[in-house]
Amino acid sequence: MKQLQSLMGLIFILVAMTACNKAPVAEPQQHSVVEPAAFVQVKGKQFQLAGKPYYFVGTNFWYGAYLGADGDNGDRARLIKELDQLKAAGVTNLRVLAASEASALVMSLKPAIQTAPGQVDEELWQGLDFLLSEMAKREMKAVLFLNNFWQWSGGMSQYVAWQTGEPVLDPDLTKDWNAFMQNSARFYRLAESQQLYRSLIQKLIERTNTVTGVAYKADPTIMSWQLANEPRPGSGEAGAENAQVYVQWVNDTAQFIKQLAPQQLVSTGSEGSRGALDDMDLFIKAHQSPYVDYLTFHLWPKNWQWFDITQAEQTYASGLATAKTYIEQHIAVADQMNKPLVMEEFGIERDGADYRPEATTVWRDKFYTEFFQLIEQQAKAGRAIAGSNFWTWSGAGRTQRADFIWQVGDDYLGDPPQEPQGLNSVFDQDQSTIKILTEHAKVMHAL
């Protein structure tokens with residue numbers, strides 16, 4: 001019996017030892033389900049996000065990276081507050097400057113992101129990192145433009161000056177805008193300028209966000225890489241000579257970006273036919289590239305002399321009619337091309353051409369209401385229009401300058417440095433305009 005008990009005890013010990021050597025069976029863990037962020041995609045003439053239609057209300061927020069900087073240039077507390085206010089109003093798409101060039105142009109933005117050929121101000125790009133990280137928290141999407149046809153951020157004219165060694169041609173001094181545009185359009189033909197431009201693009205697309213640890217090319221917060229702000233082939237008959245090289249530049253640059261960031265979209269930043277020598281066929285050719293995912297157009301009733309705020313009663317009806325025709329023309333083209341369309345810039349001055357935040361916005365609100373109703377109607381009808389970005393959000397920014405001219409150290413407003421600060425600004429106190437945006441967003445987000 002004792003022998004049997006000893007044997008049974010030995011068996012018990014061996015079984016226990018075997019059990020101890022086995023990996024413990026893990027208990028099922030309970031995790032909250034978090035949907036991964038999705039990239040915006042194109043399906044025919046519609047954007048999609050996570051398999052559903054993506055219609056948006058957006059704004060131009062070009063200075064977002066500057067506000068996001070952790071230094072004297074930045075104001076992260078203001079940035080967070082304004083992102084919260086925009087999100088609450090239903091504004092979920094921001095068009096942001098991602099590259100600017102140090103320049104002797106008198107009205108250009110300072111400091112610049114590209115401080116010299118191939119050299120970048122890391123603090124400002126870390127500001128862009130911070131902006132994107134905060135946008136991701138709020139499920140917002142970014143359109144990042146990578147160059148500028150105009151002088152206010154250095155842009156193409158500065159690339160030309162860097163390569164040629166010629167003094168930069170400054171339209172704010174010469175007042176010769178045709179000569180300036182022709183000079184900027186030289187950019188498309190200059191091999192060294194293109195190499196420098198592409199090098200900057202690649203550096204940014206392959207950058208790892210210092211806040212999130214996510215590579216830019218893998219970040220679904222970035223909806224689109226945009227070739228430039230309002231690229232044009234030039235001006236007048238001389239500009240027509242650049243048409244072919246301009247179309248080729250759009251295709252080749254878009255292809256270059258697509259190869260680096262295949263999950264994200266590419267857009268041109270075009271104003272539409274007005275930015276294509278008033279030639280709709282040229283606009284179409286520039287957007288036929290298989291690497292350009294969607295069409296953009298801008299709308300500037302004042303700049304194009306359709307509407308005069310100082311004679312608002314006399315010019316509103318005709319200005320609105322012309323604007324609506326312009327919108328319809330571009331929707332028709334997008335329908336034909338089977339690509340989505342975004343009205344990504346449109347601005348109206350404050351009443352009486354008054355730049356102060358206290359000035360009323362009766363005429364702006366009229367235009368916004370009409371534009372938004374038209375977009376809603378056409379989107380509901382299944383046409384190509386997918387969203388809009390008004391120009392421009394200035395939020396809590398204010399100028400203390402009696403002449404409204406921006407200087408280094410001043411608040412950043414949506415009005416760029418070459419324009420009076422407050423010209424097209426929507427401020428955080430503009431409740432009537434914000435209400436219009438909010439109601440429009442409810443309609444668009446429900447589609």
# chains A, B, ... in the order shown; residues from 1 in each chain; ligands from 1

call {"tool": "residues_around", "arguments": {"residues": "stretch 123-139 of chain A", "least_positions_apart": "4", "cutoff": "7 Å", "atoms": "only C-alpha atoms", "output": "PDB file with N, CA, C and O atoms, in the first residue's frame"}}
result
ATOM      1  N   GLY A  64      -1.513  77.430 -40.781  1.00  0.00           N
ATOM      2  CA  GLY A  64      -1.628  76.422 -39.738  1.00  0.00           C
ATOM      3  C   GLY A  64      -0.297  75.930 -39.200  1.00  0.00           C
ATOM      4  O   GLY A  64      -0.133  75.733 -37.986  1.00  0.00           O
ATOM      5  N   ALA A  65       0.675  75.698 -40.088  1.00  0.00           N
ATOM      6  CA  ALA A  65       1.986  75.224 -39.634  1.00  0.00           C
ATOM      7  C   ALA A  65       2.694  76.291 -38.806  1.00  0.00           C
ATOM      8  O   ALA A  65       3.440  75.966 -37.869  1.00  0.00           O
ATOM      9  N   TYR A  66       2.453  77.552 -39.142  1.00  0.00           N
ATOM     10  CA  TYR A  66       3.080  78.642 -38.395  1.00  0.00           C
ATOM     11  C   TYR A  66       2.501  78.716 -36.986  1.00  0.00           C
ATOM     12  O   TYR A  66       3.250  78.860 -36.007  1.00  0.00           O
ATOM     13  N   LEU A  67       1.192  78.603 -36.864  1.00  0.00           N
ATOM     14  CA  LEU A  67       0.582  78.598 -35.530  1.00  0.00           C
ATOM     15  C   LEU A  67       1.046  77.389 -34.726  1.00  0.00           C
ATOM     16  O   LEU A  67       1.187  77.456 -33.500  1.00  0.00           O
ATOM     17  N   GLY A  68       1.298  76.281 -35.393  1.00  0.00           N
ATOM     18  CA  GLY A  68       1.687  75.050 -34.708  1.00  0.00           C
ATOM     19  C   GLY A  68       3.117  75.024 -34.239  1.00  0.00           C
ATOM     20  O   GLY A  68       3.503  74.128 -33.469  1.00  0.00           O
ATOM     21  N   ALA A  69       3.937  75.985 -34.671  1.00  0.00           N
ATOM     22  CA  ALA A  69       5.351  76.006 -34.294  1.00  0.00           C
ATOM     23  C   ALA A  69       5.500  76.246 -32.793  1.00  0.00           C
ATOM     24  O   ALA A  69       4.758  77.019 -32.194  1.00  0.00           O
ATOM     25  N   ASP A  70       6.478  75.584 -32.209  1.00  0.00           N
ATOM     26  CA  ASP A  70       6.733  75.708 -30.773  1.00  0.00           C
ATOM     27  C   ASP A  70       7.856  76.720 -30.563  1.00  0.00           C
ATOM     28  O   ASP A  70       8.987  76.377 -30.268  1.00  0.00           O
ATOM     29  N   ILE A 113       9.704  78.712 -44.774  1.00  0.00           N
ATOM     30  CA  ILE A 113      10.004  77.313 -44.468  1.00  0.00           C
ATOM     31  C   ILE A 113      11.307  76.890 -45.128  1.00  0.00           C
ATOM     32  O   ILE A 113      12.169  76.282 -44.495  1.00  0.00           O
ATOM     33  N   ASN A 209       6.453  62.328 -38.902  1.00  0.00           N
ATOM     34  CA  ASN A 209       5.885  63.321 -38.002  1.00  0.00           C
ATOM     35  C   ASN A 209       6.504  63.164 -36.615  1.00  0.00           C
ATOM     36  O   ASN A 209       6.457  62.084 -36.022  1.00  0.00           O
ATOM     37  N   THR A 210       7.081  64.235 -36.088  1.00  0.00           N
ATOM     38  CA  THR A 210       7.782  64.170 -34.804  1.00  0.00           C
ATOM     39  C   THR A 210       6.828  64.046 -33.624  1.00  0.00           C
ATOM     40  O   THR A 210       7.260  63.723 -32.513  1.00  0.00           O
ATOM     41  N   VAL A 211       5.545  64.291 -33.846  1.00  0.00           N
ATOM     42  CA  VAL A 211       4.555  64.174 -32.769  1.00  0.00           C
ATOM     43  C   VAL A 211       3.927  62.789 -32.753  1.00  0.00           C
ATOM     44  O   VAL A 211       3.801  62.151 -31.704  1.00  0.00           O
ATOM     45  N   THR A 212       3.536  62.299 -33.937  1.00  0.00           N
ATOM     46  CA  THR A 212       2.797  61.032 -34.013  1.00  0.00           C
ATOM     47  C   THR A 212       3.670  59.839 -34.357  1.00  0.00           C
ATOM     48  O   THR A 212       3.263  58.692 -34.149  1.00  0.00           O
ATOM     49  N   THR A 221      -4.546  61.600 -42.497  1.00  0.00           N
ATOM     50  CA  THR A 221      -4.989  62.979 -42.260  1.00  0.00           C
ATOM     51  C   THR A 221      -4.751  63.834 -43.494  1.00  0.00           C
ATOM     52  O   THR A 221      -5.480  64.794 -43.755  1.00  0.00           O
TER      53      THR A 221
END

call {"tool": "closest_atom_pairs", "arguments": {"of": "stretch 77-123 of chain A", "to": "stretch 407-417 of chain A", "cutoff": "9 Å", "atoms": "only C-alpha atoms", "output": "CSV"}}
result
residue,atom,partner,partner_atom,distance
A:Met107,CA,A:Pro417,CA,5.8
A:Ser108,CA,A:Pro417,CA,6.4
A:Leu109,CA,A:Pro417,CA,6.1
A:Lys110,CA,A:Val408,CA,6.5
A:Pro111,CA,A:Val408,CA,8.1

call {"tool": "write_last_selection", "arguments": {"atoms": "N, CA, C and O atoms", "output": "PDB file, in the first residue's frame"}}
result
ATOM      1  N   MET A 107       6.589  91.920 -49.964  1.00  0.00           N
ATOM      2  CA  MET A 107       5.370  91.514 -49.276  1.00  0.00           C
ATOM      3  C   MET A 107       5.337  90.015 -49.006  1.00  0.00           C
ATOM      4  O   MET A 107       4.282  89.464 -48.717  1.00  0.00           O
ATOM      5  N   SER A 108       6.479  89.359 -49.050  1.00  0.00           N
ATOM      6  CA  SER A 108       6.493  87.911 -48.875  1.00  0.00           C
ATOM      7  C   SER A 108       6.486  87.536 -47.399  1.00  0.00           C
ATOM      8  O   SER A 108       6.904  88.302 -46.524  1.00  0.00           O
ATOM      9  N   LEU A 109       6.030  86.336 -47.149  1.00  0.00           N
ATOM     10  CA  LEU A 109       5.891  85.797 -45.812  1.00  0.00           C
ATOM     11  C   LEU A 109       7.252  85.582 -45.160  1.00  0.00           C
ATOM     12  O   LEU A 109       8.175  85.062 -45.779  1.00  0.00           O
ATOM     13  N   LYS A 110       7.333  85.955 -43.899  1.00  0.00           N
ATOM     14  CA  LYS A 110       8.569  85.764 -43.136  1.00  0.00           C
ATOM     15  C   LYS A 110       8.208  85.298 -41.729  1.00  0.00           C
ATOM     16  O   LYS A 110       7.261  85.815 -41.155  1.00  0.00           O
ATOM     17  N   PRO A 111       8.946  84.304 -41.197  1.00  0.00           N
ATOM     18  CA  PRO A 111      10.044  83.556 -41.820  1.00  0.00           C
ATOM     19  C   PRO A 111       9.511  82.581 -42.862  1.00  0.00           C
ATOM     20  O   PRO A 111       8.302  82.338 -42.930  1.00  0.00           O
TER      21      PRO A 111
END

call {"tool": "select_by_dssp", "arguments": {"residues": "stretch 89-286 of chain A", "states": "alpha helix (DSSP H)", "output": "PyMOL selection string"}}
result
chain A and resi 122-137+155-164+171-174+177-185+191-205+236-240+243-260+280-286

call {"tool": "residues_around", "arguments": {"residues": "A:Lys435", "least_positions_apart": "4", "cutoff": "12 Å", "atoms": "only C-alpha atoms", "output": "mmCIF file with N, CA and C atoms, in the first residue's frame"}}
result
data_model
loop_
_atom_site.group_PDB
_atom_site.id
_atom_site.type_symbol
_atom_site.label_atom_id
_atom_site.label_comp_id
_atom_site.auth_asym_id
_atom_site.auth_seq_id
_atom_site.Cartn_x
_atom_site.Cartn_y
_atom_site.Cartn_z
ATOM 1 N N GLN A 85 -13.135 75.331 -32.666
ATOM 2 C CA GLN A 85 -14.237 76.155 -33.159
ATOM 3 C C GLN A 85 -14.634 75.748 -34.571
ATOM 4 N N LEU A 86 -13.652 75.486 -35.419
ATOM 5 C CA LEU A 86 -13.944 75.049 -36.783
ATOM 6 C C LEU A 86 -14.674 73.706 -36.785
ATOM 7 N N ALA A 88 -16.512 72.458 -34.442
ATOM 8 C CA ALA A 88 -17.869 72.663 -33.925
ATOM 9 C C ALA A 88 -18.793 73.236 -34.985
ATOM 10 N N ALA A 89 -18.225 74.018 -35.910
ATOM 11 C CA ALA A 89 -19.023 74.603 -36.992
ATOM 12 C C ALA A 89 -19.198 73.644 -38.163
ATOM 13 N N GLY A 90 -18.573 72.472 -38.088
ATOM 14 C CA GLY A 90 -18.698 71.494 -39.167
ATOM 15 C C GLY A 90 -17.646 71.634 -40.248
ATOM 16 N N VAL A 91 -16.640 72.468 -40.014
ATOM 17 C CA VAL A 91 -15.554 72.663 -40.974
ATOM 18 C C VAL A 91 -14.494 71.606 -40.702
ATOM 19 N N ASP A 365 -22.428 87.297 -46.520
ATOM 20 C CA ASP A 365 -23.367 86.256 -46.116
ATOM 21 C C ASP A 365 -24.354 85.925 -47.239
ATOM 22 N N TYR A 368 -22.297 83.782 -49.724
ATOM 23 C CA TYR A 368 -22.048 82.459 -49.154
ATOM 24 C C TYR A 368 -23.318 81.606 -49.198
ATOM 25 N N THR A 369 -24.433 82.185 -48.803
ATOM 26 C CA THR A 369 -25.692 81.445 -48.790
ATOM 27 C C THR A 369 -26.036 80.937 -50.187
ATOM 28 N N VAL A 426 -12.794 85.740 -42.149
ATOM 29 C CA VAL A 426 -13.896 85.358 -41.269
ATOM 30 C C VAL A 426 -13.293 85.231 -39.876
ATOM 31 N N ASP A 428 -13.506 84.921 -35.538
ATOM 32 C CA ASP A 428 -14.221 84.059 -34.600
ATOM 33 C C ASP A 428 -15.489 84.701 -34.055
ATOM 34 N N GLN A 429 -15.655 85.997 -34.232
ATOM 35 C CA GLN A 429 -16.849 86.683 -33.744
ATOM 36 C C GLN A 429 -17.917 86.862 -34.820
ATOM 37 N N ASP A 430 -17.657 86.396 -36.034
ATOM 38 C CA ASP A 430 -18.600 86.583 -37.142
ATOM 39 C C ASP A 430 -19.711 85.539 -37.074
ATOM 40 N N GLN A 431 -20.611 85.721 -36.118
ATOM 41 C CA GLN A 431 -21.600 84.697 -35.810
ATOM 42 C C GLN A 431 -22.556 84.420 -36.967
ATOM 43 N N GLU A 439 -24.876 75.440 -40.839
ATOM 44 C CA GLU A 439 -26.066 74.875 -41.487
ATOM 45 C C GLU A 439 -25.695 74.174 -42.788
ATOM 46 N N HIS A 440 -24.768 74.751 -43.523
ATOM 47 C CA HIS A 440 -24.305 74.121 -44.755
ATOM 48 C C HIS A 440 -23.630 72.785 -44.456
ATOM 49 N N ALA A 441 -22.829 72.764 -43.399
ATOM 50 C CA ALA A 441 -22.123 71.533 -43.040
ATOM 51 C C ALA A 441 -23.099 70.411 -42.699
ATOM 52 N N LYS A 442 -24.191 70.753 -42.022
ATOM 53 C CA LYS A 442 -25.183 69.730 -41.680
ATOM 54 C C LYS A 442 -25.731 69.076 -42.945
#

call {"tool": "residues_around", "arguments": {"residues": "A:Tyr55", "least_positions_apart": "4", "cutoff": "7 Å", "atoms": "only C-alpha atoms", "output": "MDAnalysis selection string"}}
result
chainID A and resid 386:387 444:445

call {"tool": "residues_around", "arguments": {"residues": "A:Lys258", "least_positions_apart": "3", "cutoff": "12 Å", "atoms": "only C-alpha atoms", "output": "VMD selection string"}}
result
chain A and resid 201 to 202 205 217 224 to 227 251 to 255 261 to 267 289 to 293

call {"tool": "write_last_selection", "arguments": {"atoms": "N, CA, C and O atoms", "output": "compact mmCIF listing (two decimals), in the first residue's frame"}}
result
# COMPACT_ATOMS: atom_id res chain seq x y z
N ILE A 201 9.74 68.40 -52.08
CA ILE A 201 8.54 67.56 -52.02
C ILE A 201 8.86 66.20 -51.42
O ILE A 201 8.17 65.70 -50.53
N GLN A 202 9.93 65.58 -51.93
CA GLN A 202 10.29 64.25 -51.45
C GLN A 202 10.66 64.27 -49.97
O GLN A 202 10.27 63.38 -49.20
N ILE A 205 7.25 64.50 -48.06
CA ILE A 205 6.43 63.30 -48.17
C ILE A 205 7.04 62.13 -47.38
O ILE A 205 6.32 61.33 -46.77
N LYS A 217 3.64 60.18 -45.79
CA LYS A 217 3.04 59.44 -46.90
C LYS A 217 2.11 58.34 -46.42
O LYS A 217 1.35 57.77 -47.22
N SER A 224 -4.70 65.32 -49.61
CA SER A 224 -4.17 65.62 -50.94
C SER A 224 -2.87 66.41 -50.86
O SER A 224 -2.72 67.30 -50.01
N TRP A 225 -1.97 66.07 -51.74
CA TRP A 225 -0.79 66.89 -52.02
C TRP A 225 -1.13 67.78 -53.22
O TRP A 225 -1.59 67.28 -54.24
N GLN A 226 -0.89 69.07 -53.09
CA GLN A 226 -1.28 70.00 -54.14
C GLN A 226 -0.04 70.66 -54.74
O GLN A 226 0.83 71.17 -54.03
N LEU A 227 0.03 70.66 -56.07
CA LEU A 227 1.23 71.12 -56.77
C LEU A 227 1.62 72.53 -56.38
O LEU A 227 2.80 72.84 -56.17
N ASN A 251 1.40 67.06 -65.29
CA ASN A 251 1.40 65.60 -65.38
C ASN A 251 2.63 65.00 -64.70
O ASN A 251 2.53 64.07 -63.90
N ASP A 252 3.80 65.54 -65.04
CA ASP A 252 5.05 64.94 -64.55
C ASP A 252 5.19 65.11 -63.04
O ASP A 252 5.65 64.20 -62.34
N THR A 253 4.82 66.27 -62.52
CA THR A 253 4.93 66.50 -61.08
C THR A 253 3.93 65.66 -60.32
O THR A 253 4.23 65.08 -59.27
N ALA A 254 2.69 65.56 -60.85
CA ALA A 254 1.68 64.73 -60.21
C ALA A 254 2.13 63.27 -60.18
O ALA A 254 1.94 62.56 -59.18
N GLN A 255 2.72 62.81 -61.27
CA GLN A 255 3.22 61.43 -61.32
C GLN A 255 4.31 61.22 -60.28
O GLN A 255 4.34 60.19 -59.58
N ALA A 261 3.72 58.79 -52.83
CA ALA A 261 2.61 58.70 -51.88
C ALA A 261 1.37 58.14 -52.57
O ALA A 261 0.38 58.84 -52.77
N PRO A 262 1.40 56.86 -52.93
CA PRO A 262 0.30 56.30 -53.73
C PRO A 262 -1.04 56.23 -53.01
O PRO A 262 -2.08 56.12 -53.66
N GLN A 263 -1.06 56.30 -51.68
CA GLN A 263 -2.32 56.20 -50.95
C GLN A 263 -3.05 57.54 -50.84
O GLN A 263 -4.22 57.58 -50.47
N GLN A 264 -2.35 58.63 -51.15
CA GLN A 264 -2.95 59.95 -51.01
C GLN A 264 -3.27 60.54 -52.38
O GLN A 264 -2.73 60.11 -53.41
N LEU A 265 -4.13 61.53 -52.38
CA LEU A 265 -4.58 62.14 -53.62
C LEU A 265 -3.63 63.25 -54.05
O LEU A 265 -2.84 63.77 -53.26
N VAL A 266 -3.73 63.61 -55.33
CA VAL A 266 -2.96 64.72 -55.89
C VAL A 266 -3.91 65.68 -56.59
O VAL A 266 -4.82 65.25 -57.31
N SER A 267 -3.71 66.97 -56.37
CA SER A 267 -4.51 68.01 -57.02
C SER A 267 -3.60 69.13 -57.49
O SER A 267 -2.44 69.21 -57.10
N SER A 289 -4.62 64.38 -66.78
CA SER A 289 -3.57 63.47 -66.32
C SER A 289 -4.15 62.41 -65.40
O SER A 289 -4.94 62.71 -64.50
N PRO A 290 -3.78 61.16 -65.60
CA PRO A 290 -4.28 60.10 -64.70
C PRO A 290 -3.75 60.23 -63.28
O PRO A 290 -4.26 59.56 -62.37
N TYR A 291 -2.75 61.09 -63.10
CA TYR A 291 -2.16 61.27 -61.77
C TYR A 291 -2.82 62.42 -61.01
O TYR A 291 -2.51 62.63 -59.84
N VAL A 292 -3.70 63.16 -61.66
CA VAL A 292 -4.46 64.22 -61.00
C VAL A 292 -5.82 63.64 -60.63
O VAL A 292 -6.62 63.30 -61.51
N ASP A 293 -6.10 63.53 -59.36
CA ASP A 293 -7.26 62.78 -58.90
C ASP A 293 -8.57 63.55 -58.97
O ASP A 293 -9.63 62.95 -59.12

call {"tool": "residues_around", "arguments": {"residues": "A:Lys203", "least_positions_apart": "5", "cutoff": "12 Å", "atoms": "only C-alpha atoms", "output": "VMD selection string"}}
result
chain A and resid 98 to 99 114 118 to 120 122 125 146 196 to 198 208 to 209 215 to 217 257 260 to 261

call {"tool": "closest_residue", "arguments": {"among": "A:Gln377, A:Val342, A:Glu166, A:Ser273", "to": "A:Tyr326", "atoms": "only C-alpha atoms"}}
result
A:Ser273

call {"tool": "atom_distance", "arguments": {"atom1": "atom CA of A:Ser153", "atom2": "atom CA of A:Asp351"}}
result
27.8 Å

call {"tool": "atom_distance", "arguments": {"atom1": "atom CA of A:Pro231", "atom2": "atom CA of A:Asn303"}}
result
16.5 Å

call {"tool": "residues_around", "arguments": {"residues": "A:Thr310", "least_positions_apart": "6", "cutoff": "10 Å", "atoms": "only C-alpha atoms", "output": "MDAnalysis selection string"}}
result
chainID A and resid 349 351:354

call {"tool": "write_last_selection", "arguments": {"atoms": "C-alpha atoms", "output": "PDB file, in the first residue's frame"}}
result
ATOM      1  CA  GLU A 349     -14.970  91.537 -48.616  1.00  0.00           C
ATOM      2  CA  ASP A 351     -19.285  95.517 -46.049  1.00  0.00           C
ATOM      3  CA  GLY A 352     -18.072  98.910 -47.211  1.00  0.00           C
ATOM      4  CA  ALA A 353     -14.582  97.533 -47.971  1.00  0.00           C
ATOM      5  CA  ASP A 354     -13.927  97.870 -44.222  1.00  0.00           C
TER       6      ASP A 354
END
